[in-house]
>>> print(open('my_file.pdb').read())   # PDB, C-alpha atoms, pLDDT in the B column
ATOM      1  CA  MET A   1      33.896  64.172 -18.361  1.00 30.00           C
ATOM      2  CA  SER A   2      33.019  62.074 -15.342  1.00 32.00           C
ATOM      3  CA  PRO A   3      35.674  59.490 -14.430  1.00 34.00           C
ATOM      4  CA  ALA A   4      35.076  55.765 -14.757  1.00 34.00           C
ATOM      5  CA  VAL A   5      36.649  53.167 -12.490  1.00 36.00           C
ATOM      6  CA  VAL A   6      39.447  51.138 -14.029  1.00 42.00           C
ATOM      7  CA  PRO A   7      40.075  47.792 -12.307  1.00 50.00           C
ATOM      8  CA  PRO A   8      43.624  47.210 -11.042  1.00 70.00           C
ATOM      9  CA  VAL A   9      45.867  45.193 -13.344  1.00 79.00           C
ATOM     10  CA  GLY A  10      45.578  42.142 -11.080  1.00 84.00           C
ATOM     11  CA  ALA A  11      41.821  41.999 -11.555  1.00 83.00           C
ATOM     12  CA  ARG A  12      42.264  42.158 -15.308  1.00 83.00           C
ATOM     13  CA  ILE A  13      44.815  39.313 -15.191  1.00 87.00           C
ATOM     14  CA  ARG A  14      42.406  37.224 -13.133  1.00 88.00           C
ATOM     15  CA  GLN A  15      39.574  37.907 -15.579  1.00 86.00           C
ATOM     16  CA  ALA A  16      41.741  36.853 -18.532  1.00 86.00           C
ATOM     17  CA  ARG A  17      42.775  33.675 -16.696  1.00 89.00           C
ATOM     18  CA  LEU A  18      39.198  32.740 -15.825  1.00 90.00           C
ATOM     19  CA  GLU A  19      37.990  33.421 -19.367  1.00 87.00           C
ATOM     20  CA  ARG A  20      40.534  30.883 -20.632  1.00 87.00           C
ATOM     21  CA  GLY A  21      39.700  28.289 -17.994  1.00 89.00           C
ATOM     22  CA  THR A  22      43.233  28.301 -16.585  1.00 89.00           C
ATOM     23  CA  SER A  23      43.641  27.493 -12.910  1.00 91.00           C
ATOM     24  CA  LEU A  24      45.794  29.598 -10.626  1.00 90.00           C
ATOM     25  CA  ARG A  25      48.223  26.723 -10.088  1.00 90.00           C
ATOM     26  CA  ALA A  26      48.442  25.939 -13.804  1.00 90.00           C
ATOM     27  CA  LEU A  27      49.334  29.545 -14.607  1.00 91.00           C
ATOM     28  CA  ALA A  28      51.885  29.638 -11.800  1.00 89.00           C
ATOM     29  CA  ARG A  29      53.546  26.449 -13.084  1.00 87.00           C
ATOM     30  CA  GLU A  30      53.726  27.778 -16.630  1.00 86.00           C
ATOM     31  CA  ILE A  31      55.477  31.013 -15.691  1.00 84.00           C
ATOM     32  CA  GLY A  32      57.669  29.482 -12.982  1.00 83.00           C
ATOM     33  CA  MET A  33      56.183  31.329 -10.023  1.00 84.00           C
ATOM     34  CA  SER A  34      54.433  30.263  -6.860  1.00 88.00           C
ATOM     35  CA  ALA A  35      50.642  30.122  -6.862  1.00 89.00           C
ATOM     36  CA  SER A  36      50.607  32.359  -3.782  1.00 88.00           C
ATOM     37  CA  LEU A  37      52.525  35.107  -5.606  1.00 86.00           C
ATOM     38  CA  VAL A  38      50.201  34.919  -8.618  1.00 89.00           C
ATOM     39  CA  SER A  39      47.271  35.154  -6.201  1.00 90.00           C
ATOM     40  CA  GLN A  40      48.801  38.246  -4.575  1.00 87.00           C
ATOM     41  CA  ILE A  41      49.152  39.864  -8.005  1.00 86.00           C
ATOM     42  CA  GLU A  42      45.534  39.100  -8.869  1.00 88.00           C
ATOM     43  CA  THR A  43      44.249  40.500  -5.573  1.00 86.00           C
ATOM     44  CA  GLY A  44      46.339  43.653  -5.813  1.00 80.00           C
ATOM     45  CA  LYS A  45      48.575  42.808  -2.842  1.00 79.00           C
ATOM     46  CA  SER A  46      51.589  42.692  -5.168  1.00 79.00           C
ATOM     47  CA  GLN A  47      52.266  44.419  -8.480  1.00 76.00           C
ATOM     48  CA  PRO A  48      54.086  42.518 -11.261  1.00 79.00           C
ATOM     49  CA  SER A  49      57.344  43.641 -12.826  1.00 77.00           C
ATOM     50  CA  VAL A  50      57.531  44.196 -16.579  1.00 81.00           C
ATOM     51  CA  SER A  51      59.056  40.739 -17.091  1.00 78.00           C
ATOM     52  CA  THR A  52      56.418  39.045 -14.934  1.00 83.00           C
ATOM     53  CA  LEU A  53      53.635  40.906 -16.737  1.00 83.00           C
ATOM     54  CA  TYR A  54      54.913  39.748 -20.121  1.00 82.00           C
ATOM     55  CA  ALA A  55      55.292  36.175 -18.838  1.00 84.00           C
ATOM     56  CA  ILE A  56      51.689  36.157 -17.591  1.00 87.00           C
ATOM     57  CA  THR A  57      50.177  37.672 -20.728  1.00 84.00           C
ATOM     58  CA  THR A  58      52.189  35.330 -22.962  1.00 82.00           C
ATOM     59  CA  ALA A  59      51.025  32.305 -20.959  1.00 86.00           C
ATOM     60  CA  LEU A  60      47.398  33.467 -21.176  1.00 86.00           C
ATOM     61  CA  GLY A  61      47.641  34.272 -24.881  1.00 81.00           C
ATOM     62  CA  VAL A  62      46.640  37.914 -24.474  1.00 78.00           C
ATOM     63  CA  SER A  63      48.439  41.149 -25.274  1.00 73.00           C
ATOM     64  CA  VAL A  64      49.736  43.593 -22.711  1.00 75.00           C
ATOM     65  CA  GLU A  65      47.573  46.094 -24.594  1.00 69.00           C
ATOM     66  CA  SER A  66      44.469  44.196 -23.460  1.00 70.00           C
ATOM     67  CA  LEU A  67      45.269  44.921 -19.802  1.00 72.00           C
ATOM     68  CA  PHE A  68      44.446  48.577 -20.438  1.00 67.00           C
ATOM     69  CA  ASP A  69      40.979  47.692 -21.704  1.00 59.00           C
ATOM     70  CA  VAL A  70      38.063  48.231 -19.375  1.00 48.00           C
ATOM     71  CA  ARG A  71      35.017  45.949 -19.216  1.00 44.00           C
ATOM     72  CA  GLU A  72      33.094  47.446 -16.319  1.00 39.00           C
ATOM     73  CA  SER A  73      30.455  44.734 -16.193  1.00 35.00           C
ATOM     74  CA  ALA A  74      32.909  41.844 -16.413  1.00 37.00           C
ATOM     75  CA  VAL A  75      35.813  42.771 -14.147  1.00 38.00           C
ATOM     76  CA  ALA A  76      35.359  43.496 -10.484  1.00 40.00           C
ATOM     77  CA  SER A  77      38.008  45.138  -8.317  1.00 39.00           C
ATOM     78  CA  PRO A  78      39.327  42.871  -5.539  1.00 42.00           C
ATOM     79  CA  PRO A  79      38.446  43.837  -1.954  1.00 42.00           C
ATOM     80  CA  GLY A  80      40.749  46.506  -0.565  1.00 42.00           C
ATOM     81  CA  ALA A  81      42.254  47.418  -3.927  1.00 39.00           C
ATOM     82  CA  THR A  82      42.509  51.079  -4.900  1.00 38.00           C
ATOM     83  CA  PRO A  83      41.182  51.680  -8.423  1.00 38.00           C
ATOM     84  CA  ALA A  84      42.626  54.207 -10.858  1.00 37.00           C
ATOM     85  CA  THR A  85      40.467  56.377 -13.054  1.00 33.00           C
ATOM     86  CA  VAL A  86      40.342  57.427 -16.691  1.00 33.00           C
ATOM     87  CA  PRO A  87      37.860  59.705 -18.469  1.00 30.00           C
ATOM     88  CA  HIS A  88      34.564  57.961 -19.165  1.00 29.00           C
ATOM     89  CA  ALA A  89      34.995  58.386 -22.931  1.00 27.00           C
ATOM     90  CA  LEU A  90      37.983  56.021 -22.836  1.00 28.00           C
ATOM     91  CA  ALA A  91      36.275  53.367 -20.747  1.00 34.00           C
ATOM     92  CA  ALA A  92      34.514  51.576 -23.571  1.00 35.00           C
ATOM     93  CA  ASP A  93      34.784  48.137 -25.181  1.00 44.00           C
ATOM     94  CA  PRO A  94      38.202  46.625 -26.108  1.00 49.00           C
ATOM     95  CA  GLY A  95      37.624  47.388 -29.790  1.00 58.00           C
ATOM     96  CA  ARG A  96      37.484  51.141 -29.208  1.00 65.00           C
ATOM     97  CA  ARG A  97      39.810  53.655 -30.812  1.00 73.00           C
ATOM     98  CA  ILE A  98      41.956  55.696 -28.443  1.00 74.00           C
ATOM     99  CA  GLY A  99      42.471  58.988 -30.252  1.00 73.00           C
ATOM    100  CA  PRO A 100      43.008  60.451 -32.716  1.00 80.00           C
ATOM    101  CA  LEU A 101      43.881  62.952 -29.979  1.00 83.00           C
ATOM    102  CA  VAL A 102      44.780  61.776 -26.481  1.00 78.00           C
ATOM    103  CA  GLY A 103      45.264  64.601 -23.987  1.00 81.00           C
ATOM    104  CA  ALA A 104      47.932  64.431 -21.296  1.00 82.00           C
ATOM    105  CA  GLU A 105      45.243  64.007 -18.634  1.00 79.00           C
ATOM    106  CA  GLY A 106      43.417  61.286 -20.573  1.00 78.00           C
ATOM    107  CA  ARG A 107      46.059  58.562 -20.659  1.00 82.00           C
ATOM    108  CA  GLU A 108      45.394  55.133 -19.211  1.00 81.00           C
ATOM    109  CA  THR A 109      48.210  54.097 -16.874  1.00 83.00           C
ATOM    110  CA  LEU A 110      49.799  50.926 -15.531  1.00 81.00           C
ATOM    111  CA  GLU A 111      52.222  51.261 -12.613  1.00 82.00           C
ATOM    112  CA  LEU A 112      54.451  48.228 -12.155  1.00 81.00           C
ATOM    113  CA  ASP A 113      56.207  46.966  -9.058  1.00 78.00           C
ATOM    114  CA  SER A 114      59.721  47.316 -10.504  1.00 82.00           C
ATOM    115  CA  GLY A 115      59.534  51.106 -10.763  1.00 89.00           C
ATOM    116  CA  VAL A 116      58.153  51.357 -14.297  1.00 90.00           C
ATOM    117  CA  VAL A 117      55.083  53.335 -15.418  1.00 89.00           C
ATOM    118  CA  TRP A 118      53.335  52.747 -18.765  1.00 88.00           C
ATOM    119  CA  GLU A 119      50.953  55.366 -20.170  1.00 89.00           C
ATOM    120  CA  ARG A 120      48.970  54.416 -23.268  1.00 85.00           C
ATOM    121  CA  LEU A 121      49.254  57.101 -25.953  1.00 88.00           C
ATOM    122  CA  GLY A 122      46.729  55.703 -28.402  1.00 82.00           C
ATOM    123  CA  ARG A 123      45.133  52.668 -29.957  1.00 78.00           C
ATOM    124  CA  VAL A 124      43.754  51.790 -33.385  1.00 78.00           C
ATOM    125  CA  PRO A 125      41.321  48.825 -33.221  1.00 74.00           C
ATOM    126  CA  GLY A 126      42.823  45.714 -34.770  1.00 71.00           C
ATOM    127  CA  ALA A 127      46.408  47.008 -34.651  1.00 73.00           C
ATOM    128  CA  GLU A 128      48.760  44.699 -32.757  1.00 74.00           C
ATOM    129  CA  THR A 129      50.803  47.523 -31.303  1.00 79.00           C
ATOM    130  CA  ASP A 130      51.449  48.838 -27.812  1.00 80.00           C
ATOM    131  CA  PHE A 131      52.017  52.617 -28.135  1.00 87.00           C
ATOM    132  CA  LEU A 132      53.362  53.764 -24.778  1.00 90.00           C
ATOM    133  CA  LEU A 133      55.030  56.574 -22.889  1.00 93.00           C
ATOM    134  CA  VAL A 134      57.358  54.668 -20.563  1.00 94.00           C
ATOM    135  CA  THR A 135      58.935  56.057 -17.388  1.00 96.00           C
ATOM    136  CA  TYR A 136      61.665  54.210 -15.493  1.00 96.00           C
ATOM    137  CA  ARG A 137      61.947  55.780 -12.070  1.00 95.00           C
ATOM    138  CA  PRO A 138      65.414  56.018 -10.453  1.00 96.00           C
ATOM    139  CA  GLY A 139      66.406  52.447  -9.610  1.00 94.00           C
ATOM    140  CA  GLY A 140      63.580  51.101 -11.789  1.00 93.00           C
ATOM    141  CA  SER A 141      64.063  48.019 -13.927  1.00 92.00           C
ATOM    142  CA  SER A 142      62.004  45.892 -16.302  1.00 87.00           C
ATOM    143  CA  SER A 143      62.846  42.900 -14.087  1.00 81.00           C
ATOM    144  CA  GLY A 144      62.716  43.076 -10.318  1.00 73.00           C
ATOM    145  CA  SER A 145      64.888  39.959 -10.039  1.00 73.00           C
ATOM    146  CA  GLY A 146      67.451  41.175 -12.563  1.00 77.00           C
ATOM    147  CA  ALA A 147      66.625  38.367 -14.985  1.00 80.00           C
ATOM    148  CA  LEU A 148      66.407  39.037 -18.715  1.00 86.00           C
ATOM    149  CA  MET A 149      62.961  38.777 -20.310  1.00 82.00           C
ATOM    150  CA  ARG A 150      61.636  37.586 -23.659  1.00 82.00           C
ATOM    151  CA  HIS A 151      58.212  38.103 -25.215  1.00 80.00           C
ATOM    152  CA  PRO A 152      56.587  38.112 -28.662  1.00 78.00           C
ATOM    153  CA  GLY A 153      56.877  41.158 -30.876  1.00 83.00           C
ATOM    154  CA  THR A 154      59.282  43.721 -32.254  1.00 90.00           C
ATOM    155  CA  GLU A 155      60.356  46.551 -29.982  1.00 91.00           C
ATOM    156  CA  TYR A 156      61.061  50.171 -30.919  1.00 94.00           C
ATOM    157  CA  GLY A 157      62.051  52.781 -28.364  1.00 96.00           C
ATOM    158  CA  HIS A 158      63.149  56.426 -28.310  1.00 97.00           C
ATOM    159  CA  LEU A 159      64.510  57.970 -25.097  1.00 98.00           C
ATOM    160  CA  THR A 160      63.573  61.612 -24.537  1.00 97.00           C
ATOM    161  CA  SER A 161      65.101  62.263 -21.100  1.00 97.00           C
ATOM    162  CA  GLY A 162      67.241  60.587 -18.468  1.00 97.00           C
ATOM    163  CA  GLU A 163      69.509  57.612 -19.057  1.00 97.00           C
ATOM    164  CA  LEU A 164      68.649  53.939 -19.481  1.00 97.00           C
ATOM    165  CA  ILE A 165      70.808  50.820 -19.562  1.00 96.00           C
ATOM    166  CA  LEU A 166      69.696  48.158 -22.042  1.00 96.00           C
ATOM    167  CA  THR A 167      71.013  44.620 -21.739  1.00 95.00           C
ATOM    168  CA  LEU A 168      70.329  42.863 -25.043  1.00 94.00           C
ATOM    169  CA  GLY A 169      71.585  39.310 -25.306  1.00 92.00           C
ATOM    170  CA  PHE A 170      75.260  39.464 -24.316  1.00 92.00           C
ATOM    171  CA  GLU A 171      75.620  43.187 -25.032  1.00 94.00           C
ATOM    172  CA  GLU A 172      74.942  46.228 -22.866  1.00 95.00           C
ATOM    173  CA  TYR A 173      74.035  49.666 -24.219  1.00 96.00           C
ATOM    174  CA  THR A 174      73.584  53.072 -22.582  1.00 97.00           C
ATOM    175  CA  LEU A 175      70.633  55.038 -23.955  1.00 97.00           C
ATOM    176  CA  ARG A 176      70.775  58.826 -23.645  1.00 97.00           C
ATOM    177  CA  PRO A 177      68.244  61.467 -24.732  1.00 97.00           C
ATOM    178  CA  GLY A 178      67.755  61.241 -28.483  1.00 97.00           C
ATOM    179  CA  ASP A 179      68.916  57.614 -28.721  1.00 98.00           C
ATOM    180  CA  SER A 180      66.683  54.938 -30.250  1.00 97.00           C
ATOM    181  CA  VAL A 181      66.609  51.150 -30.130  1.00 96.00           C
ATOM    182  CA  CYS A 182      64.884  48.436 -32.152  1.00 95.00           C
ATOM    183  CA  PHE A 183      65.099  44.653 -31.843  1.00 94.00           C
ATOM    184  CA  GLU A 184      63.095  41.450 -31.840  1.00 92.00           C
ATOM    185  CA  SER A 185      61.556  41.121 -28.380  1.00 88.00           C
ATOM    186  CA  THR A 186      62.276  37.380 -28.350  1.00 87.00           C
ATOM    187  CA  THR A 187      65.923  38.373 -27.742  1.00 91.00           C
ATOM    188  CA  PRO A 188      66.582  38.246 -23.970  1.00 92.00           C
ATOM    189  CA  HIS A 189      66.680  41.813 -22.698  1.00 92.00           C
ATOM    190  CA  ARG A 190      66.338  44.082 -19.687  1.00 92.00           C
ATOM    191  CA  TYR A 191      66.120  47.822 -19.087  1.00 95.00           C
ATOM    192  CA  ARG A 192      67.260  49.544 -15.907  1.00 95.00           C
ATOM    193  CA  ASN A 193      67.698  53.100 -14.677  1.00 96.00           C
ATOM    194  CA  ASP A 194      70.849  53.480 -12.591  1.00 95.00           C
ATOM    195  CA  GLY A 195      70.549  57.271 -12.541  1.00 95.00           C
ATOM    196  CA  GLU A 196      69.030  59.734 -10.100  1.00 96.00           C
ATOM    197  CA  VAL A 197      66.365  61.137 -12.438  1.00 97.00           C
ATOM    198  CA  PRO A 198      63.523  59.371 -14.286  1.00 97.00           C
ATOM    199  CA  ALA A 199      64.275  57.950 -17.731  1.00 97.00           C
ATOM    200  CA  VAL A 200      61.375  58.695 -20.097  1.00 97.00           C
ATOM    201  CA  GLY A 201      60.747  57.573 -23.654  1.00 97.00           C
ATOM    202  CA  VAL A 202      58.207  56.538 -26.258  1.00 96.00           C
ATOM    203  CA  TRP A 203      57.962  52.808 -26.975  1.00 94.00           C
ATOM    204  CA  PHE A 204      56.221  50.685 -29.595  1.00 90.00           C
ATOM    205  CA  VAL A 205      55.913  46.911 -29.248  1.00 85.00           C
ATOM    206  CA  SER A 206      54.320  45.501 -32.401  1.00 82.00           C
ATOM    207  CA  GLY A 207      53.090  42.032 -33.262  1.00 70.00           C
ATOM    208  CA  ASP A 208      52.226  41.077 -29.672  1.00 49.00           C
ATOM    209  CA  VAL A 209      50.125  37.980 -29.002  1.00 41.00           C
ATOM    210  CA  GLN A 210      46.353  38.324 -29.081  1.00 38.00           C
TER
END
>>> encode(input="my_file.pdb", output="structure tokens")
Amino acid sequence: MSPAVVPPVGARIRQARLERGTSLRALAREIGMSASLVSQIETGKSQPSVSTLYAITTALGVSVESLFDVRESAVASPPGATPATVPHALAADPGRRIGPLVGAEGRETLELDSGVVWERLGRVPGAETDFLLVTYRPGGSSSGSGALMRHPGTEYGHLTSGELILTLGFEEYTLRPGDSVCFESTTPHRYRNDGEVPAVGVWFVSGDVQ
């Protein structure tokens, strides 16, 4: 299958912001960031952390899932940005089904600035669920600043390799291969990998905003 260009995540954030008539400064105020940093994210000069990505999508009233969707005619890559690719069969409208089989080489991927990689494992149209293979690289964290994050939804995770530290409210847990977690994502939380090998697991976040 011939590859199709996938716009960088910043371009997709900008498109979502423009579609909702939200100015750059208004978005920056709502998420507590500078307008210049939001602009750098949109132009691909800076990549958001997990916590920043959730803050932006919550403010815009879209799901993180929607950032994987490709609308070739509507979203243009910013100058100088390096696009990723996915097989052409996956680069359809946002209502498409991903699956029932998704090959290892056919996953859509988001790489975040805080050392976290999300790979989409599937999608059923109309389902409010992010179904992801998540990799925390050594030193990676869901928050580059160390702050805890909150977002809509219920979170389920299963670690398959490596070790991950979860801060959940006032508690801290160590996840090892075979361990699972589940909690309301509105509870302040943060993941980090203090180890020397990647921490990899399968995550579901259901009931995200649309």
>>> closest_atom_pairs(input="my_file.pdb", of="segment 99-121 of chain A", to="segment 44-68 of chain A", cutoff="7 Å", atoms="all atoms listed in the file", output="CSV")
residue,atom,partner,partner_atom,distance
A:Glu108,CA,A:Phe68,CA,6.7
A:Leu112,CA,A:Ser49,CA,5.5
A:Asp113,CA,A:Gln47,CA,4.7
A:Ser114,CA,A:Ser49,CA,5.0
>>> atom_distance(input="my_file.pdb", atom1="atom CA of Arg107 of chain A", atom2="atom CA of Arg176 of chain A")
24.9 Å
>>> closest_residue(input="my_file.pdb", among="A:Val134, A:Val117, A:Val124, A:Leu166", to="Pro100 of chain A", atoms="only C-alpha atoms")
A:Val124
>>> resolve_selection(input="my_file.pdb", expression="the PyMOL selection byres ((chain A and resi 24) around 9)", output="ChimeraX atom specification")
/A:14,17-18,22-23,25-29,35-36,38-39
>>> closest_residue(input="my_file.pdb", among="A:Gly207, A:Pro188, A:Gly146, A:Gly195", to="Ser161 of chain A", atoms="only C-alpha atoms")
A:Gly195
>>> closest_residue(input="my_file.pdb", among="A:Gly99, A:Leu148, A:Gly178, A:Thr109", to="Pro8 of chain A", atoms="all atoms listed in the file")
A:Thr109
>>> resolve_selection(input="my_file.pdb", expression="the PyMOL selection byres ((chain A and resi 163) around 10)", output="ChimeraX atom specification")
/A:136,138,159-162,164-166,174-177,179,192-201
>>> closest_residue(input="my_file.pdb", among="A:Met149, A:Val116, A:Leu121, A:Leu110", to="Ile98 of chain A", atoms="only C-alpha atoms")
A:Leu121
>>> residues_near_point(input="my_file.pdb", point="(49.2, 52.5, -30.3)", cutoff="10 Å", atoms="only C-alpha atoms", output="PyMOL selection string")
chain A and resi 65+97-99+120-125+127-132+203-206
>>> atom_distance(input="my_file.pdb", atom1="atom CA of Val9 of chain A", atom2="atom CA of Glu155 of chain A")
22.1 Å
>>> atom_distance(input="my_file.pdb", atom1="atom CA of Val181 of chain A", atom2="atom CA of Tyr156 of chain A")
5.7 Å
>>> resolve_selection(input="my_file.pdb", expression="the PyMOL selection byres ((chain A and resi 186) around 8)", output="list of chain:residue names")
A:Arg150, A:His151, A:Pro152, A:Gly153, A:Glu184, A:Ser185, A:Thr187, A:Pro188
>>> closest_residue(input="my_file.pdb", among="A:Val102, A:Ser180, A:Tyr191, A:Gly140", to="Leu168 of chain A", atoms="only C-alpha atoms")
A:Tyr191
>>> closest_residue(input="my_file.pdb", among="A:Arg190, A:Arg12, A:Arg20, A:Arg137", to="Gly169 of chain A", atoms="all atoms listed in the file")
A:Arg190
